[in-house]
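One structure below.
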Amino acid sequence: MLPETACARDTLQRPPEGLGLLYDATLCVGCQACVAACKRANDNPAEFTAMDKLWDTPLDTSGHTFNLIKMYRNGTMETKDSELNGFSFMKTSCMHCADPSCVSACPVTAMHKDPVTGVVGYDPDACIGCRYCVAACPFGIPKYQYDSPTGKIGKCELCRHRHEDGHYSACAEVCPTGATLFGRTEDLLAEAKRRLALKPGDWTTIPRGRLPATGETPEAAAKWKGLVDQGYQAQVGNYLQHVYGETEYGGTQVLKLSAVNFQKVGMPDLPPKSSAATSETIQHTLYGGMIMPIAVLAGLTWVAKRNVVPDDAEKGGQS
Amino acid sequence: MSAHHPAAPVGGKLFNLPVMICSVFIAAMVAILFVRFVFGLGAVTNLNDGYPWGIWVVFDVVIGSAFACGGFSVAMLVYIFNRGRYHPLVRPALLASLFGYTLAGVGVLFDLGRWWNFWHILWPGYANPNSVMFEVAVCISAYVIVMWIEFSPVFMEQWGLKVQKQKLEKVLFFFIALGTLLPMMHQSSLGTMLVVMGPQINPLWQTPIVPLLYLLSAITIGYGIVLFESCVAASAYRRQIEMHLLQPIAKIMLGVLAVFMLVRFGDLVFRGAFGHALSPSLEALFFWLETACFAAPFLIVGTPGARRNPARIFIAGCAIMMGGVLLRINGFLIGYDTGLGVDHGWNYFPSIAEMIVTIGMFAIEVLAYIVITRRFPVLAREGAAH
């Protein structure tokens with residue numbers, strides 16, 4: 001019944017110039033400077049969960065909080081980056097998937113993946129507020145503002161509104177340890193693999209802020225503000241040999257390194273095939289070129305024409 | 001042969017207890033919706049980012065439209081499989097469908113966070129044909145229009161528009177064909193909406209053949225609704241239950257249901273997901289509740305003797321409806337978990353206000369059914385049908 005090859009839609013891959021972040025949990029000190037910078041860059045209000053209402057204390061990302069550092073805690077919490085009796089940090093923000101579920105789900109193209117930068121952007125003027133993107137995202141990233149009659153979806157857009165002024169993602173701009181690094185995903189992936197190949201405990205240079213593209217010209221570098229060489233010497237973390245985001249759902253543009261199991265720090269275990277590909281393959285198989293619906297309609301019309309008898313004709317004794 | 005049974009208004013008073021009760025719920029619904037539109041979804045619902053869809057989507061739209069499949073299921077039987085003797089069931093079933101779908105369409109607006117943009121979904125430049133929801137929206141919108149056309153002879157008869165009625169009936173076959181195709185498309189797509197949610201949906205309900213499951217179950221629910229609604233209408237209006245029609249309908253329903261069960265369990269075993277049904281979890285419990293509801297009709301109306309009992313017919317119809325409700329609740333709510341409960345797990349149970357709005361929507365349907373069957377020729381004329 002379903003021709004499998006004709007309309008199959010493969011999992012989309014990252015655009016070659018796609019931009020992203022590399023988050024290295026072993027470098028993160030949990031200072032939340034990136035959370036504050038993200039709030040400022042996106043003009044978001046503080047969210048209070050404590051009685052005194054002095055500090056911005058969101059418990060999770062929300063329609064008003066697009067980036068958050070979460071903490072994994074176990075036992076005595078003595079050792080950083082240890083699964084047992086330890087703790088670890090994890091950044092929660094949009095992964096900018098190669099094949100985003102939110103983009104496939106959105107019925108009005110309010111979620112849109114830039115073909116060059118690969119940034120998954122949101123357009124509130126197109127959005128109908130159906131929250132299918134919220135339900136679809138396996139990372140739980142798009143969030144809705146339930147507290148407003150005109151609520152929007154809130155999510156990280158990699159500070160794309162600041163790129164024109166030469167600013168890159170605010171979280172990476174302010175990160176004091178280089179735990180969050182901005183750059184082209186291809187370069188970030190190479191940097192991640194470089195770190196995984198090193199011996200834990202050895203000293204190495206860790207870049208901060210923006211990672212220059214390989215073979216970057218001075219003109220291309222001048223596009224971005226800030227110092228290029230902010231690197232410093234740090235010890236290599238005790239990494240799991242897994243760059244999260246390299247293959248998950250066809251890959252994401254935000255990559256992550258961790259010493260603690262990714263599922264334990266809140267990153268879902270995802271197959272290399274995206275759900276968007278599965279969903280669109282089903283839809284395109286059934287509705288590609290509207291061939292199947294039209295064929296069925298033709299058949300139904302033919303049958304119905306034979307069987308539908310006008311009421312008056314029946315009264316005349318026909319059947 | 002297909003003897004035609006003329007339909008006639010039931011007549012009688014419009015102001016009675018059921019109408020009053022419905023009106024109270026509708027008034028409460030309007031008040032709650034006022035608060036919702038002034039202060040936002042959070043003011044009246046328990047929706048949150050772990051459960052962005054609540055009962056307004058799952059009950060009012062996904063289940064509401066499946067309950068409205070009676071018209072489609074019966075029309076398919078009468079006009080496509082040429083079983084003319086079920087003709088007396090077409091109009092009442094179509095009426096229930098008409099309101100079920102129209103209200104599902106209106107109900108969506110209550111849930112849309114940015115409802116003033118709703119037209120974008122059908123507008124070139126905004127519409128995203130890759131989105132399953134786009135397909136659902138287009139098909140449901142088209143189907144609502146098609147159903148009003150299919151049902152319009154009822155109004156034309158009552159208002160004496162003979163010429164118009166004759167003209168319409170010449171092309172009615174096309175709308176009937178379209179009215180069979182469109183529900184097949186969107187009822188299956190309502191299931192496909194789960195696919196993009198990927199591993200967030202429990203494997204008991206996340207399958208590439210989910211469109212087929214939702215389509216088959218929608219057809220059985222359609223017949224279940226006809227059994228239910230015929231029994232209720234007969235009881236409420238103190239008329240004869242059309243057992244000579246309901247018995248074979250029940251049998252057809254069992255046939256489609258058997259296919260559904262085969263596909264359902266074949267798929268679970270084939271994907272190796274059946275183990276999830278044996279785990280000690282809420283999901284497994286609800287899976288077995290759902291399965292029990294779908295299996296019950298075989299025990300209740302499995303034999304010709306049992307099908308002669310109106311009470312059994314009624315209960316079988318209810319069981320099918322419950323099974324359909326559970327299949328959808330399980331897929332969209334019970335079996336849905338964002339899996340990101342690291343800092344705080346997400347919970348959802350509908351607020352009283354959400355429930356009142358959902359009840360209010362069903363109250364509108366009941367109210368409209370009463371008013372229209374009493375004033376317009378929908379139900380078969382009493383006595384003429386035998």
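Identifiers in the structure tokens: chain A, B, ... in order shown; residue index from 1 per chain; ligand index from 1 in order shown.
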Handout entry: alpha helix (DSSP H) per DSSP on the backbone: members of segment 29-210 of chain A, as a PyMOL selection string
Key = chain A and resi 33-41+101-105+132-136+160-163+170-174+185-197
Would you export the selected residues with N, CA and C atoms as a compact mmCIF listing (two decimals), in the first residue's frame, please?
```txt
# COMPACT_ATOMS: atom_id res chain seq x y z
N ALA A 33 26.37 33.37 34.63
CA ALA A 33 26.56 34.63 33.90
C ALA A 33 25.86 34.56 32.55
N CYS A 34 25.86 33.36 31.96
CA CYS A 34 25.21 33.20 30.65
C CYS A 34 23.70 33.36 30.77
N VAL A 35 23.14 32.95 31.92
CA VAL A 35 21.69 33.07 32.12
C VAL A 35 21.32 34.55 32.18
N ALA A 36 22.11 35.32 32.96
CA ALA A 36 21.84 36.75 33.09
C ALA A 36 22.04 37.47 31.75
N ALA A 37 23.11 37.10 31.03
CA ALA A 37 23.39 37.75 29.75
C ALA A 37 22.28 37.45 28.74
N CYS A 38 21.77 36.22 28.78
CA CYS A 38 20.70 35.83 27.87
C CYS A 38 19.45 36.64 28.15
N LYS A 39 19.15 36.83 29.45
CA LYS A 39 17.98 37.63 29.82
C LYS A 39 18.09 39.05 29.25
N ARG A 40 19.30 39.63 29.41
CA ARG A 40 19.51 41.00 28.95
C ARG A 40 19.42 41.07 27.43
N ALA A 41 20.07 40.13 26.76
CA ALA A 41 20.11 40.17 25.30
C ALA A 41 18.72 40.00 24.70
N SER A 101 12.23 19.22 14.88
CA SER A 101 10.83 18.78 14.98
C SER A 101 9.89 19.98 15.00
N CYS A 102 10.33 21.08 15.66
CA CYS A 102 9.44 22.24 15.78
C CYS A 102 9.14 22.84 14.41
N VAL A 103 10.15 22.85 13.53
CA VAL A 103 9.96 23.42 12.19
C VAL A 103 9.00 22.54 11.37
N SER A 104 9.16 21.21 11.52
CA SER A 104 8.28 20.30 10.80
C SER A 104 6.85 20.39 11.33
N ALA A 105 6.73 20.57 12.66
CA ALA A 105 5.40 20.58 13.27
C ALA A 105 4.65 21.86 12.98
N TYR A 132 2.23 23.28 19.11
CA TYR A 132 2.65 21.98 18.58
C TYR A 132 4.17 21.87 18.69
N CYS A 133 4.88 23.01 18.51
CA CYS A 133 6.35 23.00 18.63
C CYS A 133 6.77 22.61 20.04
N VAL A 134 6.01 23.12 21.04
CA VAL A 134 6.33 22.80 22.43
C VAL A 134 6.21 21.29 22.64
N ALA A 135 5.14 20.72 22.09
CA ALA A 135 4.91 19.28 22.26
C ALA A 135 5.92 18.47 21.46
N ALA A 136 6.33 18.99 20.29
CA ALA A 136 7.14 18.19 19.37
C ALA A 136 8.61 18.11 19.80
N ARG A 160 20.38 35.80 17.09
CA ARG A 160 20.49 36.20 15.68
C ARG A 160 20.18 37.67 15.49
N HIS A 161 19.41 38.26 16.41
CA HIS A 161 19.10 39.69 16.29
C HIS A 161 20.32 40.56 16.60
N ARG A 162 21.37 39.96 17.18
CA ARG A 162 22.55 40.74 17.52
C ARG A 162 23.69 40.51 16.52
N HIS A 163 23.53 39.53 15.62
CA HIS A 163 24.62 39.21 14.69
C HIS A 163 24.98 40.39 13.81
N ALA A 170 25.07 35.82 23.37
CA ALA A 170 25.44 36.49 24.62
C ALA A 170 26.00 35.51 25.64
N CYS A 171 25.47 34.29 25.65
CA CYS A 171 25.93 33.30 26.64
C CYS A 171 27.40 32.97 26.44
N ALA A 172 27.82 32.88 25.17
CA ALA A 172 29.22 32.57 24.88
C ALA A 172 30.09 33.80 25.10
N GLU A 173 29.53 34.98 24.80
CA GLU A 173 30.27 36.24 24.96
C GLU A 173 30.74 36.42 26.40
N VAL A 174 29.87 36.07 27.34
CA VAL A 174 30.19 36.36 28.74
C VAL A 174 30.80 35.18 29.49
N THR A 185 29.53 25.17 13.59
CA THR A 185 29.41 23.86 14.22
C THR A 185 30.52 22.91 13.77
N GLU A 186 30.92 23.01 12.50
CA GLU A 186 31.98 22.12 12.01
C GLU A 186 33.28 22.35 12.79
N ASP A 187 33.59 23.62 13.06
CA ASP A 187 34.79 23.93 13.82
C ASP A 187 34.65 23.50 15.27
N LEU A 188 33.44 23.71 15.81
CA LEU A 188 33.19 23.33 17.20
C LEU A 188 33.30 21.82 17.38
N LEU A 189 32.83 21.09 16.35
CA LEU A 189 32.90 19.63 16.41
C LEU A 189 34.36 19.16 16.42
N ALA A 190 35.18 19.82 15.60
CA ALA A 190 36.61 19.48 15.56
C ALA A 190 37.26 19.78 16.91
N GLU A 191 36.90 20.93 17.50
CA GLU A 191 37.43 21.31 18.82
C GLU A 191 36.99 20.29 19.89
N ALA A 192 35.73 19.85 19.81
CA ALA A 192 35.23 18.87 20.77
C ALA A 192 36.02 17.57 20.66
N LYS A 193 36.26 17.16 19.41
CA LYS A 193 36.98 15.90 19.20
C LYS A 193 38.43 16.02 19.63
N ARG A 194 39.01 17.23 19.48
CA ARG A 194 40.38 17.46 19.95
C ARG A 194 40.44 17.22 21.45
N ARG A 195 39.43 17.77 22.17
CA ARG A 195 39.44 17.62 23.63
C ARG A 195 39.27 16.16 24.04
N LEU A 196 38.40 15.44 23.31
CA LEU A 196 38.16 14.04 23.66
C LEU A 196 39.42 13.19 23.45
N ALA A 197 40.27 13.63 22.50
CA ALA A 197 41.47 12.84 22.20
C ALA A 197 42.59 13.06 23.22
```
Pick out the residues sitting within 12 Å of Ala27 of chain B, and hand them over as a PDB file with C-alpha atoms, in the first residue's frame; count only C-alpha atoms, and ignore anything fewer than 4 positions along from it in its own chain.
```
ATOM      1  CA  MET B  20     -32.072  24.042  30.730  1.00  0.00           C
ATOM      2  CA  ILE B  21     -29.117  21.996  32.009  1.00  0.00           C
ATOM      3  CA  CYS B  22     -27.277  22.447  28.720  1.00  0.00           C
ATOM      4  CA  SER B  23     -27.926  26.184  28.865  1.00  0.00           C
ATOM      5  CA  ALA B  31     -17.909  33.186  31.461  1.00  0.00           C
ATOM      6  CA  ILE B  32     -14.727  31.089  31.658  1.00  0.00           C
ATOM      7  CA  LEU B  33     -13.831  31.856  28.060  1.00  0.00           C
ATOM      8  CA  PHE B  34     -14.164  35.559  28.822  1.00  0.00           C
ATOM      9  CA  ILE B 356     -16.563  23.139  32.290  1.00  0.00           C
ATOM     10  CA  VAL B 357     -15.559  24.494  28.884  1.00  0.00           C
ATOM     11  CA  ILE B 359     -18.690  20.033  29.034  1.00  0.00           C
ATOM     12  CA  GLY B 360     -20.101  23.283  27.655  1.00  0.00           C
ATOM     13  CA  MET B 361     -18.975  22.329  24.165  1.00  0.00           C
ATOM     14  CA  ALA B 363     -23.766  20.753  25.869  1.00  0.00           C
ATOM     15  CA  ILE B 364     -23.958  22.910  22.735  1.00  0.00           C
TER      16      ILE B 364
END
```
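Between atom CA of Ala250 of chain B and atom CA of Pro304 of chain B there is a distance of 9.8 Å.
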Practice task
Could you please tell me, as a PyMOL selection string, which residues of chain A have an atom within 7 Å of chain B when using only C-alpha atoms?
Solution key: chain A and resi 101+104-109+126-131+134-138+140+143-144+146-151+266+275-276+279-280+297+300-301+303-305+307-308+310+314+319
Practice task
List the neighbours of Tyr86 of chain B out to 8 Å using only C-alpha atoms; skip same-chain residues closer than 4 positions along the sequence, and give me the result as an MDAnalysis selection string.
Solution key: chainID B and resid 74 77:78 90 245
For the residues in the current selection, export N, CA and C atoms as a PDB file, in the first residue's frame.
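Okay, result.pdb is ready:
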```pdb
ATOM      1  N   VAL B  74     -21.593   6.073   8.507  1.00  0.00           N
ATOM      2  CA  VAL B  74     -22.883   5.636   7.964  1.00  0.00           C
ATOM      3  C   VAL B  74     -23.001   6.003   6.491  1.00  0.00           C
ATOM      4  N   LEU B  77     -21.251   3.551   4.480  1.00  0.00           N
ATOM      5  CA  LEU B  77     -22.010   2.304   4.399  1.00  0.00           C
ATOM      6  C   LEU B  77     -23.129   2.418   3.367  1.00  0.00           C
ATOM      7  N   VAL B  78     -23.857   3.526   3.427  1.00  0.00           N
ATOM      8  CA  VAL B  78     -25.044   3.678   2.582  1.00  0.00           C
ATOM      9  C   VAL B  78     -24.659   3.946   1.132  1.00  0.00           C
ATOM     10  N   VAL B  90     -28.804   8.031   8.276  1.00  0.00           N
ATOM     11  CA  VAL B  90     -27.847   8.998   7.724  1.00  0.00           C
ATOM     12  C   VAL B  90     -28.036  10.379   8.332  1.00  0.00           C
ATOM     13  N   LEU B 245     -32.020  -2.117  12.207  1.00  0.00           N
ATOM     14  CA  LEU B 245     -30.869  -1.468  11.580  1.00  0.00           C
ATOM     15  C   LEU B 245     -29.633  -1.567  12.474  1.00  0.00           C
TER      16      LEU B 245
END
```
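Contact shell of Met243 of chain B at 12 Å (only C-alpha atoms; same-chain neighbours under 6 positions omitted): Tyr86, Leu89, Val226, Leu227, Ser230, Cys231, Ala234, Ile249, Ala250, Ala306, Arg307, Arg308, Asn309, Pro310, Ala311, Arg312, Ile313, Phe314, Ala385 and His386 of chain B.
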Exercise for the section: Please provide the set of residues having any atom within 8 Å of segment 291-302 of chain B, restricted to only C-alpha atoms, with same-chain residues fewer than 5 positions apart removed, written as a PyMOL selection string. Expected result: chain B and resi 250-251+254+257+261+307+312-313+315-317+319-320+322-324
Next, dump the selected residues to file, keeping only N, CA and C atoms, as a JSON list (two decimals), in the first residue's frame.
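What follows is the written file result_8.json:
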```json
[["chain", "number", "residue", "atom", "x", "y", "z"],
["B", 250, "ALA", "N", -24.09, -3.20, 14.34],
["B", 250, "ALA", "CA", -23.22, -3.72, 15.40],
["B", 250, "ALA", "C", -22.30, -4.80, 14.83],
["B", 251, "LYS", "N", -22.84, -5.60, 13.92],
["B", 251, "LYS", "CA", -22.03, -6.67, 13.33],
["B", 251, "LYS", "C", -20.90, -6.08, 12.47],
["B", 254, "LEU", "N", -18.20, -4.74, 14.64],
["B", 254, "LEU", "CA", -17.31, -5.78, 15.15],
["B", 254, "LEU", "C", -16.27, -6.18, 14.10],
["B", 257, "LEU", "N", -13.70, -3.54, 13.92],
["B", 257, "LEU", "CA", -12.98, -3.59, 15.19],
["B", 257, "LEU", "C", -11.98, -4.75, 15.20],
["B", 261, "MET", "N", -8.04, -4.50, 15.88],
["B", 261, "MET", "CA", -7.31, -5.24, 16.92],
["B", 261, "MET", "C", -6.13, -6.01, 16.33],
["B", 307, "ARG", "N", -27.13, -9.53, 20.04],
["B", 307, "ARG", "CA", -27.37, -8.30, 19.28],
["B", 307, "ARG", "C", -28.85, -7.93, 19.21],
["B", 312, "ARG", "N", -27.66, -4.33, 25.37],
["B", 312, "ARG", "CA", -26.31, -4.76, 24.97],
["B", 312, "ARG", "C", -25.77, -3.90, 23.84],
["B", 313, "ILE", "N", -26.65, -3.60, 22.87],
["B", 313, "ILE", "CA", -26.25, -2.74, 21.75],
["B", 313, "ILE", "C", -25.75, -1.40, 22.28],
["B", 315, "ILE", "N", -24.63, -0.66, 25.35],
["B", 315, "ILE", "CA", -23.38, -0.78, 26.12],
["B", 315, "ILE", "C", -22.18, -1.01, 25.18],
["B", 316, "ALA", "N", -22.40, -1.79, 24.14],
["B", 316, "ALA", "CA", -21.31, -2.03, 23.18],
["B", 316, "ALA", "C", -20.89, -0.71, 22.53],
["B", 317, "GLY", "N", -21.88, 0.11, 22.18],
["B", 317, "GLY", "CA", -21.58, 1.42, 21.60],
["B", 317, "GLY", "C", -20.76, 2.26, 22.56],
["B", 319, "ALA", "N", -18.84, 1.18, 24.99],
["B", 319, "ALA", "CA", -17.50, 0.60, 25.16],
["B", 319, "ALA", "C", -16.57, 1.05, 24.05],
["B", 320, "ILE", "N", -17.08, 1.01, 22.82],
["B", 320, "ILE", "CA", -16.27, 1.45, 21.68],
["B", 320, "ILE", "C", -15.87, 2.92, 21.83],
["B", 322, "MET", "N", -15.57, 4.57, 24.60],
["B", 322, "MET", "CA", -14.56, 4.66, 25.66],
["B", 322, "MET", "C", -13.18, 4.22, 25.14],
["B", 323, "GLY", "N", -13.18, 3.13, 24.35],
["B", 323, "GLY", "CA", -11.92, 2.65, 23.78],
["B", 323, "GLY", "C", -11.27, 3.74, 22.94],
["B", 324, "GLY", "N", -12.08, 4.40, 22.12],
["B", 324, "GLY", "CA", -11.57, 5.47, 21.26],
["B", 324, "GLY", "C", -11.06, 6.64, 22.09]]
```
Practice task
Write out as a ChimeraX atom specification which residues come within 6 Å of segment 365-380 of chain B when counting only C-alpha atoms, dropping same-chain ones fewer than 5 positions away.
Solution key: /B:6-11,19,88,91-92,99
